[in-house]
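Note: the block below is run_25.cif and it holds mmCIF, N, CA and C atoms.
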```
data_coords
#
loop_
_atom_site.label_atom_id
_atom_site.label_comp_id
_atom_site.auth_asym_id
_atom_site.auth_seq_id
_atom_site.Cartn_x
_atom_site.Cartn_y
_atom_site.Cartn_z
N MET A 1163 128.32 87.13 73.07
CA MET A 1163 129.05 88.39 73.05
C MET A 1163 128.04 89.53 73.19
N PRO A 1164 128.25 90.46 74.10
CA PRO A 1164 127.32 91.57 74.28
C PRO A 1164 127.13 92.36 72.99
N GLY A 1165 125.88 92.75 72.74
CA GLY A 1165 125.57 93.53 71.54
C GLY A 1165 125.23 92.69 70.33
N TYR A 1166 125.32 91.37 70.46
CA TYR A 1166 125.01 90.46 69.36
C TYR A 1166 124.17 89.31 69.89
N ARG A 1167 123.43 88.66 69.00
CA ARG A 1167 122.69 87.48 69.38
C ARG A 1167 122.78 86.45 68.28
N ILE A 1168 122.71 85.18 68.69
CA ILE A 1168 122.82 84.07 67.75
C ILE A 1168 121.61 84.07 66.82
N SER A 1169 121.88 83.88 65.55
CA SER A 1169 120.83 83.80 64.53
C SER A 1169 121.26 82.75 63.52
N GLY A 1170 120.65 81.56 63.60
CA GLY A 1170 121.04 80.49 62.70
C GLY A 1170 122.47 80.07 62.98
N SER A 1171 123.32 80.16 61.97
CA SER A 1171 124.73 79.76 62.13
C SER A 1171 125.65 80.97 62.31
N GLY A 1172 125.07 82.13 62.61
CA GLY A 1172 125.88 83.34 62.78
C GLY A 1172 125.36 84.21 63.91
N CYS A 1173 125.79 85.45 63.90
CA CYS A 1173 125.38 86.41 64.92
C CYS A 1173 124.91 87.70 64.24
N ASN A 1174 123.85 88.27 64.78
CA ASN A 1174 123.33 89.55 64.30
C ASN A 1174 123.50 90.59 65.40
N ALA A 1175 123.81 91.81 65.00
CA ALA A 1175 123.92 92.90 65.96
C ALA A 1175 122.55 93.24 66.51
N VAL A 1176 122.48 93.54 67.80
CA VAL A 1176 121.24 94.01 68.42
C VAL A 1176 121.13 95.49 68.12
N ILE A 1177 120.04 95.89 67.48
CA ILE A 1177 119.81 97.30 67.15
C ILE A 1177 119.02 97.92 68.30
N VAL A 1178 119.62 98.85 68.99
CA VAL A 1178 118.97 99.51 70.12
C VAL A 1178 118.31 100.79 69.60
N PRO A 1179 116.97 100.89 69.73
CA PRO A 1179 116.26 102.07 69.22
C PRO A 1179 116.52 103.31 70.07
N ASP A 1180 116.07 104.46 69.58
CA ASP A 1180 116.15 105.70 70.35
C ASP A 1180 115.40 105.52 71.67
N ASN A 1181 115.85 106.18 72.70
CA ASN A 1181 115.22 106.16 74.02
C ASN A 1181 115.23 104.77 74.65
N ALA A 1182 116.27 103.99 74.37
CA ALA A 1182 116.42 102.65 74.94
C ALA A 1182 117.89 102.40 75.27
N TYR A 1183 118.14 101.33 76.00
CA TYR A 1183 119.51 100.94 76.35
C TYR A 1183 119.66 99.43 76.18
N PRO A 1184 120.88 98.96 75.86
CA PRO A 1184 121.08 97.52 75.67
C PRO A 1184 121.05 96.78 77.01
N THR A 1185 120.49 95.58 77.02
CA THR A 1185 120.45 94.77 78.24
C THR A 1185 121.51 93.67 78.23
N ASN A 1186 122.06 93.38 77.05
CA ASN A 1186 123.06 92.32 76.89
C ASN A 1186 122.52 90.95 77.32
N ARG A 1187 121.19 90.77 77.21
CA ARG A 1187 120.58 89.48 77.48
C ARG A 1187 120.43 88.72 76.17
N SER A 1188 120.41 87.43 76.26
CA SER A 1188 120.28 86.59 75.06
C SER A 1188 118.83 86.31 74.71
N TYR A 1189 117.90 86.85 75.46
CA TYR A 1189 116.48 86.67 75.19
C TYR A 1189 115.81 88.03 75.06
N ASP A 1190 114.54 88.05 74.71
CA ASP A 1190 113.79 89.28 74.42
C ASP A 1190 114.46 90.04 73.27
N GLU A 1191 114.28 91.35 73.24
CA GLU A 1191 114.83 92.15 72.15
C GLU A 1191 116.31 92.46 72.32
N GLY A 1192 116.81 92.33 73.55
CA GLY A 1192 118.20 92.70 73.82
C GLY A 1192 118.32 94.16 74.23
N TRP A 1193 117.19 94.83 74.44
CA TRP A 1193 117.17 96.23 74.88
C TRP A 1193 115.89 96.48 75.68
N GLU A 1194 115.89 97.55 76.47
CA GLU A 1194 114.71 98.00 77.20
C GLU A 1194 114.59 99.50 77.06
N CYS A 1195 113.37 99.99 77.15
CA CYS A 1195 113.13 101.43 77.04
C CYS A 1195 113.61 102.15 78.29
N ASN A 1196 114.07 103.39 78.10
CA ASN A 1196 114.45 104.25 79.21
C ASN A 1196 113.22 104.57 80.05
N ARG A 1197 113.45 105.00 81.27
CA ARG A 1197 112.35 105.41 82.16
C ARG A 1197 111.58 106.54 81.49
N GLY A 1198 110.24 106.44 81.53
CA GLY A 1198 109.39 107.44 80.90
C GLY A 1198 108.99 107.08 79.48
N TYR A 1199 109.45 105.91 79.02
CA TYR A 1199 109.12 105.41 77.68
C TYR A 1199 108.61 103.99 77.78
N ALA A 1200 107.77 103.60 76.84
CA ALA A 1200 107.22 102.25 76.80
C ALA A 1200 107.45 101.65 75.43
N THR A 1201 107.55 100.33 75.38
CA THR A 1201 107.77 99.62 74.13
C THR A 1201 106.56 99.81 73.21
N THR A 1202 106.80 100.07 71.93
CA THR A 1202 105.72 100.23 70.97
C THR A 1202 105.00 98.89 70.78
N VAL A 1203 103.80 98.94 70.23
CA VAL A 1203 102.97 97.75 70.04
C VAL A 1203 103.71 96.69 69.22
N ASN A 1204 104.44 97.10 68.19
CA ASN A 1204 105.15 96.14 67.35
C ASN A 1204 106.54 95.78 67.90
N ARG A 1205 106.86 96.27 69.10
CA ARG A 1205 108.10 95.95 69.83
C ARG A 1205 109.36 96.30 69.04
N THR A 1206 109.31 97.39 68.25
CA THR A 1206 110.49 97.80 67.49
C THR A 1206 111.10 99.10 68.00
N GLY A 1207 110.47 99.72 69.00
CA GLY A 1207 110.99 100.99 69.49
C GLY A 1207 110.35 101.38 70.80
N CYS A 1208 110.59 102.62 71.20
CA CYS A 1208 110.09 103.15 72.46
C CYS A 1208 109.35 104.46 72.19
N GLU A 1209 108.22 104.63 72.87
CA GLU A 1209 107.46 105.87 72.73
C GLU A 1209 107.23 106.47 74.12
N SER A 1210 107.11 107.78 74.15
CA SER A 1210 106.92 108.47 75.41
C SER A 1210 105.63 108.02 76.10
N VAL A 1211 105.68 107.90 77.41
CA VAL A 1211 104.51 107.53 78.20
C VAL A 1211 103.48 108.65 78.16
N GLY A 1212 103.92 109.88 77.99
CA GLY A 1212 102.99 111.02 77.94
C GLY A 1212 102.41 111.33 79.30
N LEU A 1213 103.23 111.72 80.21
CA LEU A 1213 102.84 111.97 81.60
C LEU A 1213 101.94 113.20 81.71
N PRO A 1214 100.66 113.02 82.09
CA PRO A 1214 99.75 114.18 82.23
C PRO A 1214 99.97 114.91 83.55
N ALA A 1215 99.32 116.05 83.70
CA ALA A 1215 99.39 116.80 84.95
C ALA A 1215 98.80 115.95 86.08
N ASN A 1216 99.30 116.10 87.28
CA ASN A 1216 98.81 115.40 88.46
C ASN A 1216 98.99 113.89 88.38
N ALA A 1217 100.06 113.47 87.73
CA ALA A 1217 100.37 112.05 87.61
C ALA A 1217 101.86 111.83 87.80
N SER A 1218 102.22 110.59 88.10
CA SER A 1218 103.62 110.20 88.30
C SER A 1218 103.88 108.90 87.56
N LEU A 1219 105.13 108.67 87.22
CA LEU A 1219 105.49 107.40 86.59
C LEU A 1219 105.33 106.27 87.61
N THR A 1220 104.96 105.10 87.12
CA THR A 1220 104.91 103.92 87.98
C THR A 1220 106.33 103.51 88.35
N GLU A 1221 106.44 102.54 89.22
CA GLU A 1221 107.76 102.11 89.69
C GLU A 1221 108.66 101.66 88.53
N ARG A 1222 108.08 100.92 87.57
CA ARG A 1222 108.87 100.47 86.41
C ARG A 1222 109.19 101.61 85.45
N GLY A 1223 108.40 102.69 85.49
CA GLY A 1223 108.66 103.84 84.64
C GLY A 1223 108.13 103.72 83.23
N ASP A 1224 107.29 102.71 82.95
CA ASP A 1224 106.77 102.54 81.60
C ASP A 1224 105.27 102.82 81.50
N ALA A 1225 104.72 103.42 82.55
CA ALA A 1225 103.31 103.81 82.59
C ALA A 1225 103.17 104.90 83.66
N TRP A 1226 101.96 105.43 83.79
CA TRP A 1226 101.75 106.46 84.81
C TRP A 1226 100.53 106.12 85.63
N GLU A 1227 100.46 106.75 86.82
CA GLU A 1227 99.32 106.61 87.71
C GLU A 1227 99.01 107.98 88.29
N CYS A 1228 97.77 108.18 88.67
CA CYS A 1228 97.37 109.48 89.23
C CYS A 1228 98.01 109.71 90.59
N ASP A 1229 98.34 110.96 90.84
CA ASP A 1229 98.84 111.33 92.16
C ASP A 1229 97.71 111.17 93.18
N ARG A 1230 98.07 111.09 94.44
CA ARG A 1230 97.10 110.94 95.51
C ARG A 1230 96.09 112.08 95.43
N GLY A 1231 94.81 111.73 95.53
CA GLY A 1231 93.74 112.73 95.51
C GLY A 1231 93.19 112.99 94.11
N PHE A 1232 93.71 112.29 93.08
CA PHE A 1232 93.24 112.47 91.71
C PHE A 1232 92.80 111.13 91.14
N LEU A 1233 91.83 111.17 90.22
CA LEU A 1233 91.34 109.97 89.54
C LEU A 1233 91.62 110.07 88.07
N ARG A 1234 91.87 108.93 87.44
CA ARG A 1234 92.11 108.88 86.00
C ARG A 1234 90.79 109.19 85.28
N ASP A 1235 90.85 110.10 84.30
CA ASP A 1235 89.64 110.50 83.57
C ASP A 1235 89.86 110.38 82.09
#
```

As structure tokens, please, write out the structure in this file.
Amino acid sequence: MPGYRISGSGCNAVIVPDNAYPTNRSYDEGWECNRGYATTVNRTGCESVGLPANASLTERGDAWECDRGFLRD
């Protein structure tokens, strides 16, 4: 059932953190971060990528890369 996952002999609700959306998958956390956010180290939430000047989000939107003509410093 979407929004829940099997846990032992029952089901637990998937808690979707701020800046994330539910995936309704039965594996992983059951949620993914919105574009411009990345999963925290402990995989309990989403934090801003922190896009600096002269940079763009990567295709996945969970990291950034320098715009053409600029180097990461």

- In the coordinate frame of the file, compute which residues have an atom within 10 Å of (118.7, 96.6, 65.3) when using only C-alpha atoms, and state them as a count of residues only. 13

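Running the PyMOL selection byres ((chain A and resi 1199) around 5) on this file leaves Asn1196, Arg1197, Gly1198, Ala1200, Thr1201, Glu1209, Ser1210, Val1211, Gly1223 and Asp1224 of chain A selected.
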
- Query: Where does DSSP see strand (DSSP E) in chain A, if you list the residues as a list in words?
  - Reply: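 Selecting the strand (DSSP E) positions of chain A gives Tyr1166, Arg1167, Ile1168, Ser1169, Gly1172, Cys1173, Asn1174, Ala1175, Ala1182, Tyr1183, Pro1184, Trp1193, Glu1194, Cys1195, Tyr1199, Ala1200, Thr1201, Cys1208, Glu1209, Ser1210, Ala1217, Ser1218, Leu1219, Trp1226, Glu1227 and Cys1228 of chain A.
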
Write the residues of the selection above to a file with N, CA and C atoms, as a PDB file, keeping the file's coordinate frame.
```
ATOM      1  N   TYR A1166     125.320  91.370  70.460  1.00  0.00           N
ATOM      2  CA  TYR A1166     125.010  90.460  69.360  1.00  0.00           C
ATOM      3  C   TYR A1166     124.170  89.310  69.890  1.00  0.00           C
ATOM      4  N   ARG A1167     123.430  88.660  69.000  1.00  0.00           N
ATOM      5  CA  ARG A1167     122.690  87.480  69.380  1.00  0.00           C
ATOM      6  C   ARG A1167     122.780  86.450  68.280  1.00  0.00           C
ATOM      7  N   ILE A1168     122.710  85.180  68.690  1.00  0.00           N
ATOM      8  CA  ILE A1168     122.820  84.070  67.750  1.00  0.00           C
ATOM      9  C   ILE A1168     121.610  84.070  66.820  1.00  0.00           C
ATOM     10  N   SER A1169     121.880  83.880  65.550  1.00  0.00           N
ATOM     11  CA  SER A1169     120.830  83.800  64.530  1.00  0.00           C
ATOM     12  C   SER A1169     121.260  82.750  63.520  1.00  0.00           C
ATOM     13  N   GLY A1172     125.070  82.130  62.610  1.00  0.00           N
ATOM     14  CA  GLY A1172     125.880  83.340  62.780  1.00  0.00           C
ATOM     15  C   GLY A1172     125.360  84.210  63.910  1.00  0.00           C
ATOM     16  N   CYS A1173     125.790  85.450  63.900  1.00  0.00           N
ATOM     17  CA  CYS A1173     125.380  86.410  64.920  1.00  0.00           C
ATOM     18  C   CYS A1173     124.910  87.700  64.240  1.00  0.00           C
ATOM     19  N   ASN A1174     123.850  88.270  64.780  1.00  0.00           N
ATOM     20  CA  ASN A1174     123.330  89.550  64.300  1.00  0.00           C
ATOM     21  C   ASN A1174     123.500  90.590  65.400  1.00  0.00           C
ATOM     22  N   ALA A1175     123.810  91.810  65.000  1.00  0.00           N
ATOM     23  CA  ALA A1175     123.920  92.900  65.960  1.00  0.00           C
ATOM     24  C   ALA A1175     122.550  93.240  66.510  1.00  0.00           C
ATOM     25  N   ALA A1182     116.270 103.990  74.370  1.00  0.00           N
ATOM     26  CA  ALA A1182     116.420 102.650  74.940  1.00  0.00           C
ATOM     27  C   ALA A1182     117.890 102.400  75.270  1.00  0.00           C
ATOM     28  N   TYR A1183     118.140 101.330  76.000  1.00  0.00           N
ATOM     29  CA  TYR A1183     119.510 100.940  76.350  1.00  0.00           C
ATOM     30  C   TYR A1183     119.660  99.430  76.180  1.00  0.00           C
ATOM     31  N   PRO A1184     120.880  98.960  75.860  1.00  0.00           N
ATOM     32  CA  PRO A1184     121.080  97.520  75.670  1.00  0.00           C
ATOM     33  C   PRO A1184     121.050  96.780  77.010  1.00  0.00           C
ATOM     34  N   TRP A1193     117.190  94.830  74.440  1.00  0.00           N
ATOM     35  CA  TRP A1193     117.170  96.230  74.880  1.00  0.00           C
ATOM     36  C   TRP A1193     115.890  96.480  75.680  1.00  0.00           C
ATOM     37  N   GLU A1194     115.890  97.550  76.470  1.00  0.00           N
ATOM     38  CA  GLU A1194     114.710  98.000  77.200  1.00  0.00           C
ATOM     39  C   GLU A1194     114.590  99.500  77.060  1.00  0.00           C
ATOM     40  N   CYS A1195     113.370  99.990  77.150  1.00  0.00           N
ATOM     41  CA  CYS A1195     113.130 101.430  77.040  1.00  0.00           C
ATOM     42  C   CYS A1195     113.610 102.150  78.290  1.00  0.00           C
ATOM     43  N   TYR A1199     109.450 105.910  79.020  1.00  0.00           N
ATOM     44  CA  TYR A1199     109.120 105.410  77.680  1.00  0.00           C
ATOM     45  C   TYR A1199     108.610 103.990  77.780  1.00  0.00           C
ATOM     46  N   ALA A1200     107.770 103.600  76.840  1.00  0.00           N
ATOM     47  CA  ALA A1200     107.220 102.250  76.800  1.00  0.00           C
ATOM     48  C   ALA A1200     107.450 101.650  75.430  1.00  0.00           C
ATOM     49  N   THR A1201     107.550 100.330  75.380  1.00  0.00           N
ATOM     50  CA  THR A1201     107.770  99.620  74.130  1.00  0.00           C
ATOM     51  C   THR A1201     106.560  99.810  73.210  1.00  0.00           C
ATOM     52  N   CYS A1208     110.590 102.620  71.200  1.00  0.00           N
ATOM     53  CA  CYS A1208     110.090 103.150  72.460  1.00  0.00           C
ATOM     54  C   CYS A1208     109.350 104.460  72.190  1.00  0.00           C
ATOM     55  N   GLU A1209     108.220 104.630  72.870  1.00  0.00           N
ATOM     56  CA  GLU A1209     107.460 105.870  72.730  1.00  0.00           C
ATOM     57  C   GLU A1209     107.230 106.470  74.120  1.00  0.00           C
ATOM     58  N   SER A1210     107.110 107.780  74.150  1.00  0.00           N
ATOM     59  CA  SER A1210     106.920 108.470  75.410  1.00  0.00           C
ATOM     60  C   SER A1210     105.630 108.020  76.100  1.00  0.00           C
ATOM     61  N   ALA A1217     100.060 113.470  87.730  1.00  0.00           N
ATOM     62  CA  ALA A1217     100.370 112.050  87.610  1.00  0.00           C
ATOM     63  C   ALA A1217     101.860 111.830  87.800  1.00  0.00           C
ATOM     64  N   SER A1218     102.220 110.590  88.100  1.00  0.00           N
ATOM     65  CA  SER A1218     103.620 110.200  88.300  1.00  0.00           C
ATOM     66  C   SER A1218     103.880 108.900  87.560  1.00  0.00           C
ATOM     67  N   LEU A1219     105.130 108.670  87.220  1.00  0.00           N
ATOM     68  CA  LEU A1219     105.490 107.400  86.590  1.00  0.00           C
ATOM     69  C   LEU A1219     105.330 106.270  87.610  1.00  0.00           C
ATOM     70  N   TRP A1226     101.960 105.430  83.790  1.00  0.00           N
ATOM     71  CA  TRP A1226     101.750 106.460  84.810  1.00  0.00           C
ATOM     72  C   TRP A1226     100.530 106.120  85.630  1.00  0.00           C
ATOM     73  N   GLU A1227     100.460 106.750  86.820  1.00  0.00           N
ATOM     74  CA  GLU A1227      99.320 106.610  87.710  1.00  0.00           C
ATOM     75  C   GLU A1227      99.010 107.980  88.290  1.00  0.00           C
ATOM     76  N   CYS A1228      97.770 108.180  88.670  1.00  0.00           N
ATOM     77  CA  CYS A1228      97.370 109.480  89.230  1.00  0.00           C
ATOM     78  C   CYS A1228      98.010 109.710  90.590  1.00  0.00           C
TER      79      CYS A1228
END
```

- Quote the spacing between atom N of A:Ala1217 and atom CA of A:Tyr1183 in Å to one decimal place.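 For atom N of A:Ala1217 relative to atom CA of A:Tyr1183, the distance reads 25.8 Å.
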
- Message: Just to confirm, what's the straight-line distance from atom CA of A:Arg1187 to atom CA of A:Ser1171 in Å (one decimal)?
- Response: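 Atom-to-atom, atom CA of A:Arg1187 and atom CA of A:Ser1171 are spaced 18.6 Å apart.
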
- Item | atom C of A:Cys1228 to atom CA of A:Leu1213, straight-line distance in Å |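 These two atoms are separated by 10.5 Å.
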
- Task: Would you please work out which residue, of A:Ile1168, A:Ala1225, A:Leu1233, A:Leu1219, is nearest to A:Tyr1189 when using only C-alpha atoms?
- Result: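 Checking each of A:Ile1168, A:Ala1225, A:Leu1233, A:Leu1219 against A:Tyr1189, counting only C-alpha atoms, the winner is A:Ile1168.
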
- Pick from A:Thr1220, A:Cys1208, A:Asp1235, A:Ser1169: nearest to A:Asn1181, with only N, CA and C atoms counted?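 When distances to A:Asn1181 are compared using only N, CA and C atoms, the smallest one comes from A:Cys1208.
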
Any chance you could work out the axis-aligned box around stretch 1221-1228 of chain A, listed atoms only, 6 Å on each side, giving centre and edge lengths in Å to one decimal, as lines of an AutoDock Vina configuration file?
```
center_x = 103.3
center_y = 105.1
center_z = 86.0
size_x = 23.8
size_y = 21.2
size_z = 21.1
```

- Selected residue of minimal separation from A:Asn1216 among A:Arg1230, A:Asp1190, A:Gly1172, A:Val1203, counting only N, CA and C atoms: A:Arg1230

Would you save stretch 1176-1188 of chain A to a file, keeping all heavy atoms, as a compact mmCIF listing (two decimals), in the first residue's frame?
```txt
# COMPACT_ATOMS: atom_id res chain seq x y z
N VAL A 1176 5.51 5.51 6.04
CA VAL A 1176 6.75 6.13 5.56
C VAL A 1176 6.69 7.60 5.93
O VAL A 1176 5.74 8.30 5.56
CB VAL A 1176 6.90 5.96 4.03
CG1 VAL A 1176 8.08 6.74 3.52
CG2 VAL A 1176 7.01 4.49 3.66
N ILE A 1177 7.66 8.07 6.69
CA ILE A 1177 7.72 9.47 7.09
C ILE A 1177 8.55 10.22 6.05
O ILE A 1177 9.74 9.97 5.89
CB ILE A 1177 8.37 9.63 8.49
CG1 ILE A 1177 7.66 8.74 9.51
CG2 ILE A 1177 8.38 11.09 8.91
CD1 ILE A 1177 6.19 9.03 9.70
N VAL A 1178 7.92 11.12 5.34
CA VAL A 1178 8.59 11.90 4.30
C VAL A 1178 9.08 13.21 4.93
O VAL A 1178 8.28 13.99 5.43
CB VAL A 1178 7.64 12.19 3.12
CG1 VAL A 1178 8.34 13.01 2.05
CG2 VAL A 1178 7.11 10.89 2.54
N PRO A 1179 10.40 13.45 4.94
CA PRO A 1179 10.94 14.67 5.56
C PRO A 1179 10.64 15.91 4.73
O PRO A 1179 10.18 15.82 3.58
CB PRO A 1179 12.44 14.39 5.61
CG PRO A 1179 12.70 13.44 4.50
CD PRO A 1179 11.46 12.60 4.38
N ASP A 1180 10.91 17.08 5.31
CA ASP A 1180 10.78 18.34 4.58
C ASP A 1180 11.66 18.29 3.34
O ASP A 1180 12.72 17.67 3.34
CB ASP A 1180 11.21 19.52 5.46
CG ASP A 1180 10.25 19.78 6.61
OD1 ASP A 1180 9.09 19.30 6.54
OD2 ASP A 1180 10.66 20.45 7.57
N ASN A 1181 11.24 18.96 2.29
CA ASN A 1181 11.98 19.06 1.04
C ASN A 1181 12.17 17.71 0.35
O ASN A 1181 13.18 17.47 -0.30
CB ASN A 1181 13.34 19.75 1.25
CG ASN A 1181 13.18 21.11 1.86
OD1 ASN A 1181 12.43 21.93 1.34
ND2 ASN A 1181 13.84 21.36 2.97
N ALA A 1182 11.19 16.82 0.50
CA ALA A 1182 11.23 15.50 -0.13
C ALA A 1182 9.83 15.13 -0.61
O ALA A 1182 8.85 15.78 -0.27
CB ALA A 1182 11.74 14.46 0.86
N TYR A 1183 9.76 14.07 -1.40
CA TYR A 1183 8.47 13.57 -1.89
C TYR A 1183 8.46 12.04 -1.79
O TYR A 1183 9.51 11.40 -1.85
CB TYR A 1183 8.22 14.02 -3.34
CG TYR A 1183 9.27 13.54 -4.31
CD1 TYR A 1183 9.11 12.34 -5.01
CD2 TYR A 1183 10.44 14.27 -4.53
CE1 TYR A 1183 10.06 11.89 -5.89
CE2 TYR A 1183 11.40 13.82 -5.41
CZ TYR A 1183 11.21 12.63 -6.09
OH TYR A 1183 12.17 12.18 -6.97
N PRO A 1184 7.27 11.45 -1.61
CA PRO A 1184 7.20 9.98 -1.50
C PRO A 1184 7.43 9.32 -2.86
O PRO A 1184 7.01 9.84 -3.89
CB PRO A 1184 5.78 9.73 -1.01
CG PRO A 1184 5.01 10.91 -1.46
CD PRO A 1184 5.97 12.07 -1.46
N THR A 1185 8.10 8.18 -2.86
CA THR A 1185 8.34 7.43 -4.10
C THR A 1185 7.40 6.24 -4.23
O THR A 1185 7.28 5.68 -5.30
CB THR A 1185 9.78 6.92 -4.17
OG1 THR A 1185 10.00 6.04 -3.06
CG2 THR A 1185 10.78 8.06 -4.16
N ASN A 1186 6.77 5.84 -3.13
CA ASN A 1186 5.88 4.68 -3.11
C ASN A 1186 6.59 3.40 -3.53
O ASN A 1186 5.97 2.48 -4.06
CB ASN A 1186 4.63 4.91 -3.97
CG ASN A 1186 3.78 6.03 -3.43
OD1 ASN A 1186 3.68 6.22 -2.22
ND2 ASN A 1186 3.19 6.80 -4.30
N ARG A 1187 7.92 3.34 -3.30
CA ARG A 1187 8.68 2.13 -3.57
C ARG A 1187 8.79 1.33 -2.28
O ARG A 1187 8.78 1.88 -1.19
CB ARG A 1187 10.08 2.47 -4.08
CG ARG A 1187 10.06 3.09 -5.46
CD ARG A 1187 11.45 3.19 -6.02
NE ARG A 1187 12.27 4.07 -5.22
CZ ARG A 1187 12.96 5.10 -5.72
NH1 ARG A 1187 12.91 5.36 -7.02
NH2 ARG A 1187 13.69 5.84 -4.95
N SER A 1188 8.95 0.05 -2.42
CA SER A 1188 9.05 -0.83 -1.25
C SER A 1188 10.49 -0.99 -0.78
O SER A 1188 10.76 -1.73 0.15
CB SER A 1188 8.45 -2.20 -1.56
OG SER A 1188 9.14 -2.79 -2.63
```
